[in-house]
Amino acid sequence: MGAMEGLIFEAFFLVFCGAAVLASLALYTRQPLLVAYIAIGVLLGPHGFSLVSNLQLLSELSHIGIIFLLFLLGLDMQPAALFAVLRKATSIALISSASFALLGLTVGLTFGYSWFEAIVIAMASMFSSTIIGIKLMPTTVLHHRHSGEMMIGLLLIQDFLAIFCLLFILSGSAESLDWMVLGKALVALPLLGLIAWASVKLFVLKLIARFDRFHEYIFLLALAWCLGLAELAETFGLSAEIGAFIAGISIATSPIAQYIALNLRPLRDFFLVLFFFSLGASLNIGLLPSVIIAALVYAALMLGLKPVVFYALLRGQSEKRSLAWDVGFRLGQISEFSLLIVFVATSNQLIGEKAALLIQSAAIISFVVSSYIVILNFPTPIAISDKLRRD
């Protein structure tokens with residue numbers, strides 16, 4: 001036991017100290033922090049200097065970060081406040097996602113991947129980065145301007161689509177799709193939602209109302225509710241991520257939801273560092289030459305066509321030209337949700353290492369290039385130009 005504890009402490013020391021150093025460099029060079037976390041994984045992992053070689057425990061721990069991420073996404077969903085924007089954003093999100101999926105499918109098949117791998121590549125192409133879209137937008141614009149509302153609306157619909165993509169992957173196999181499993185999952189989803197709604201109404205909200213002055217208890221209750229529904233979702237044949245997402249939505253209207261979200265964010269960030277480290281550590285650098293051309297083509301197509309598609313669709317909804325380009329470029333990259341899709345598909349042995357590496361490397365390229373495009377051309381809190389810097 002002592003040896004295991006020593007290994008865990010050493011791994012945590014290397015991961016977080018290394019991440020702190022690279023994160024500092026990333027901030028100085030205006031890079032997204034997740035790129036630093038992935039980079040330290042590449043450097044310290046089995047395919048780099050191999051200082052952290054046993055990834056199983058870290059991978060399992062990192063999965064908790066994704067569960068908390070989806071719980072917090074659910075907590076931030078206020079359906080009443082977003083209905084008007086969602087009505088306008090839905091058609092744009094669906095058409096754009098279908099266009100990007102078709103493009104991803106074409107890339108996958110063109111470079112010789114199997115049909116199922118190409119479908120996973122298509123799914124990974126559908127979404128834009130919440131981290132880049134939200135973090136690089138000034139807070140005043142995000143919360144008080146129409147462009148911010150539109151951005152949130154598009155990202156929320158993409159989040160819903162991502163949940164269905166996870167359902168699809170969990171019911172699939174490398175050879176064929178198990179429609180029976182998919183059917184059971186689609187039945188289990190509303191059942192889980194019903195259980196969550198009833199439990200919140202009968203128990204959770206009453207407990208929160210009675211003991212809301214005990215902050216430690218509220219924190220504990222939120223953790224239990226998130227992880228409990230995640231476990232129940234897995235029992236139903238769904239994923240823990242889906243359960244956590246529903247857990248968040250079910251208490252989003254509670255007055256204390258934002259307090260819970262605020263207090264869980266540091267815990268989420270702790271585990272997300274491990275998640276992105278694990279992704280970087282799992283990148284097989286030796287295989288990179290075999291996918292680099294495909295990854296560059298894939299990333300270039302996403303970076304070039306996503307802004308144009310969003311621009312055309314937003315202009316079709318009578319949005320201003322400046323807003324259409326602004327939103328288009330801010331959403332013009334592959335998403336961190338795509339990395340989650342790769343994680344789930346790889347964990348279930350549904351795609352090969354080359355397909356996973358293609359998506360991961362293209363996503364990282366798109367994060368870096370898109371960040372530079374936004375920082376150099378649009379108002380952001382970390383713009384290099386004083387004229388573009390907005391808090």
# chains A, B, ... in the order shown; residues from 1 in each chain; ligands from 1
call {"tool": "closest_atom_pairs", "arguments": {"of": "segment 210-327 of chain A", "to": "segment 88-99 of chain A", "cutoff": "10 Å", "atoms": "only C-alpha atoms", "output": "Markdown table"}}
result
| residue | atom | partner | partner_atom | distance |
| --- | --- | --- | --- | --- |
| A:Leu305 | CA | A:Ser99 | CA | 9.7 |
| A:Lys306 | CA | A:Ser96 | CA | 8.0 |
| A:Val309 | CA | A:Ser96 | CA | 6.6 |
| A:Phe310 | CA | A:Ser96 | CA | 6.8 |
| A:Ala312 | CA | A:Ile92 | CA | 9.6 |
| A:Leu313 | CA | A:Ile92 | CA | 5.9 |
| A:Leu314 | CA | A:Ile92 | CA | 7.1 |
| A:Gly316 | CA | A:Ile92 | CA | 9.2 |
| A:Gln317 | CA | A:Lys88 | CA | 7.9 |
call {"tool": "residues_around", "arguments": {"residues": "Ser62 of chain A", "least_positions_apart": "2", "cutoff": "8 Å", "atoms": "only C-alpha atoms", "output": "short mmCIF file (atom, residue, chain, number, x, y, z; two decimals) with N, CA and C atoms, in the first residue's frame"}}
result
data_model
loop_
_atom_site.label_atom_id
_atom_site.label_comp_id
_atom_site.auth_asym_id
_atom_site.auth_seq_id
_atom_site.Cartn_x
_atom_site.Cartn_y
_atom_site.Cartn_z
N LEU A 58 -4.83 7.16 -13.18
CA LEU A 58 -5.06 8.54 -13.56
C LEU A 58 -6.22 8.66 -14.54
N SER A 59 -6.34 7.70 -15.47
CA SER A 59 -7.44 7.73 -16.43
C SER A 59 -8.78 7.56 -15.74
N GLU A 60 -8.81 6.65 -14.75
CA GLU A 60 -10.07 6.44 -14.01
C GLU A 60 -10.44 7.68 -13.20
N ILE A 64 -13.80 11.26 -13.65
CA ILE A 64 -14.65 12.00 -12.71
C ILE A 64 -14.75 13.46 -13.13
N GLY A 65 -13.66 14.00 -13.70
CA GLY A 65 -13.69 15.39 -14.17
C GLY A 65 -14.72 15.60 -15.26
N ILE A 66 -14.84 14.63 -16.17
CA ILE A 66 -15.83 14.72 -17.24
C ILE A 66 -17.24 14.64 -16.66
N PHE A 271 -9.87 17.49 -11.61
CA PHE A 271 -9.98 16.24 -12.34
C PHE A 271 -9.82 16.43 -13.85
N LEU A 272 -10.21 17.63 -14.37
CA LEU A 272 -10.05 17.88 -15.80
C LEU A 272 -8.58 18.01 -16.19
N VAL A 273 -7.75 18.53 -15.28
CA VAL A 273 -6.31 18.53 -15.55
C VAL A 273 -5.83 17.10 -15.77
N LEU A 274 -6.31 16.19 -14.92
CA LEU A 274 -5.95 14.77 -15.07
C LEU A 274 -6.49 14.20 -16.38
N PHE A 275 -7.71 14.62 -16.76
CA PHE A 275 -8.32 14.12 -18.00
C PHE A 275 -7.47 14.51 -19.21
N PHE A 276 -7.14 15.81 -19.32
CA PHE A 276 -6.37 16.26 -20.47
C PHE A 276 -4.93 15.73 -20.42
N SER A 278 -4.17 12.75 -19.26
CA SER A 278 -4.32 11.36 -19.73
C SER A 278 -4.46 11.30 -21.24
#
call {"tool": "residues_around", "arguments": {"residues": "segment 38-48 of chain A", "least_positions_apart": "4", "cutoff": "10 Å", "atoms": "only C-alpha atoms", "output": "MDAnalysis selection string"}}
result
chainID A and resid 11 14:23 33:34 52:55 273:286 360 364
call {"tool": "write_last_selection", "arguments": {"atoms": "C-alpha atoms", "output": "mmCIF file, in the first residue's frame"}}
result
data_model
loop_
_atom_site.group_PDB
_atom_site.id
_atom_site.type_symbol
_atom_site.label_atom_id
_atom_site.label_comp_id
_atom_site.auth_asym_id
_atom_site.auth_seq_id
_atom_site.Cartn_x
_atom_site.Cartn_y
_atom_site.Cartn_z
ATOM 1 C CA ALA A 11 2.432 11.050 -10.337
ATOM 2 C CA LEU A 14 4.778 15.462 -11.801
ATOM 3 C CA VAL A 15 1.372 16.135 -13.372
ATOM 4 C CA PHE A 16 0.449 19.276 -11.427
ATOM 5 C CA CYS A 17 3.911 20.848 -11.144
ATOM 6 C CA GLY A 18 4.565 20.200 -14.837
ATOM 7 C CA ALA A 19 1.108 21.494 -15.769
ATOM 8 C CA ALA A 20 1.679 24.663 -13.699
ATOM 9 C CA VAL A 21 4.938 25.391 -15.552
ATOM 10 C CA LEU A 22 3.467 24.807 -19.027
ATOM 11 C CA ALA A 23 0.229 26.609 -18.104
ATOM 12 C CA LEU A 33 -4.691 26.073 -20.846
ATOM 13 C CA LEU A 34 -5.946 22.670 -21.985
ATOM 14 C CA VAL A 52 4.372 8.614 -15.609
ATOM 15 C CA SER A 53 3.940 5.196 -17.163
ATOM 16 C CA ASN A 54 0.964 3.688 -15.312
ATOM 17 C CA LEU A 55 -2.013 5.626 -16.658
ATOM 18 C CA VAL A 273 -6.310 18.533 -15.547
ATOM 19 C CA LEU A 274 -5.952 14.771 -15.073
ATOM 20 C CA PHE A 275 -8.315 14.119 -18.003
ATOM 21 C CA PHE A 276 -6.367 16.257 -20.472
ATOM 22 C CA PHE A 277 -3.074 14.920 -19.101
ATOM 23 C CA SER A 278 -4.320 11.363 -19.731
ATOM 24 C CA LEU A 279 -5.327 12.325 -23.268
ATOM 25 C CA GLY A 280 -1.869 13.722 -23.946
ATOM 26 C CA ALA A 281 -0.167 10.729 -22.354
ATOM 27 C CA SER A 282 -2.206 8.356 -24.531
ATOM 28 C CA LEU A 283 -1.119 10.142 -27.741
ATOM 29 C CA ASN A 284 1.178 7.725 -29.524
ATOM 30 C CA ILE A 285 3.802 10.091 -30.915
ATOM 31 C CA GLY A 286 5.380 7.202 -32.825
ATOM 32 C CA GLN A 360 -6.971 14.226 -30.978
ATOM 33 C CA ILE A 364 -5.270 20.266 -30.671
#
call {"tool": "residues_around", "arguments": {"residues": "Tyr311 of chain A", "least_positions_apart": "2", "cutoff": "8 Å", "atoms": "only C-alpha atoms", "output": "ChimeraX atom specification"}}
result
/A:307-309,313-315,321,324-325,327-328
call {"tool": "residues_around", "arguments": {"residues": "segment 215-226 of chain A", "least_positions_apart": "6", "cutoff": "7 Å", "atoms": "only C-alpha atoms", "output": "number ranges by chain"}}
result
A: 71, 208, 244, 247, 260
call {"tool": "write_last_selection", "arguments": {"atoms": "N, CA and C atoms", "output": "short mmCIF file (atom, residue, chain, number, x, y, z; two decimals), in the first residue's frame"}}
result
data_model
loop_
_atom_site.label_atom_id
_atom_site.label_comp_id
_atom_site.auth_asym_id
_atom_site.auth_seq_id
_atom_site.Cartn_x
_atom_site.Cartn_y
_atom_site.Cartn_z
N PHE A 71 -22.19 17.63 -15.28
CA PHE A 71 -23.09 18.04 -14.20
C PHE A 71 -23.21 19.57 -14.17
N ILE A 208 -32.34 20.53 0.52
CA ILE A 208 -31.61 21.78 0.28
C ILE A 208 -32.27 22.94 1.04
N ALA A 244 -24.91 12.31 -15.09
CA ALA A 244 -24.47 13.54 -14.45
C ALA A 244 -25.12 14.76 -15.09
N ALA A 247 -28.59 14.96 -13.90
CA ALA A 247 -28.56 15.39 -12.50
C ALA A 247 -28.44 16.91 -12.40
N ILE A 260 -23.90 25.87 -5.94
CA ILE A 260 -23.34 24.53 -6.13
C ILE A 260 -22.33 24.54 -7.27
#
call {"tool": "closest_residue", "arguments": {"among": "A:Arg87, A:Leu7, A:Glu234, A:Ser347", "to": "Glu149 of chain A", "atoms": "only C-alpha atoms"}}
result
A:Arg87
call {"tool": "residues_around", "arguments": {"residues": "Ser366 of chain A", "least_positions_apart": "3", "cutoff": "8 Å", "atoms": "only C-alpha atoms", "output": "number ranges by chain"}}
result
A: 299-300, 302-303, 333-334, 362-363, 369-370
call {"tool": "residues_around", "arguments": {"residues": "Ser199 of chain A", "least_positions_apart": "4", "cutoff": "12 Å", "atoms": "only C-alpha atoms", "output": "JSON, numbers by chain"}}
result
{"A": [192, 193, 194, 195, 203, 204, 205, 206, 207, 225, 228, 229, 247, 250, 251]}
call {"tool": "closest_residue", "arguments": {"among": "A:Leu202, A:Leu27, A:Ile292, A:Leu331", "to": "Leu155 of chain A", "atoms": "only C-alpha atoms"}}
result
A:Leu331
call {"tool": "atom_distance", "arguments": {"atom1": "atom CA of Thr235 of chain A", "atom2": "atom CA of Asn348 of chain A"}}
result
16.3 Å
call {"tool": "closest_residue", "arguments": {"among": "A:Phe245, A:Phe367, A:Tyr113, A:Phe49", "to": "Phe68 of chain A", "atoms": "only C-alpha atoms"}}
result
A:Phe245
call {"tool": "closest_residue", "arguments": {"among": "A:Leu340, A:Pro190, A:Leu170, A:Arg330", "to": "Pro138 of chain A", "atoms": "only C-alpha atoms"}}
result
A:Arg330
call {"tool": "select_by_dssp", "arguments": {"residues": "segment 123-329 of chain A", "states": "alpha helix (DSSP H)", "output": "ChimeraX atom specification"}}
result
/A:123-125,130-135,139-144,146-170,179-199,205-211,215-235,240-250,257-282,288-316,321-329
call {"tool": "atom_distance", "arguments": {"atom1": "atom CA of Ala185 of chain A", "atom2": "atom CA of Gly248 of chain A"}}
result
19.3 Å
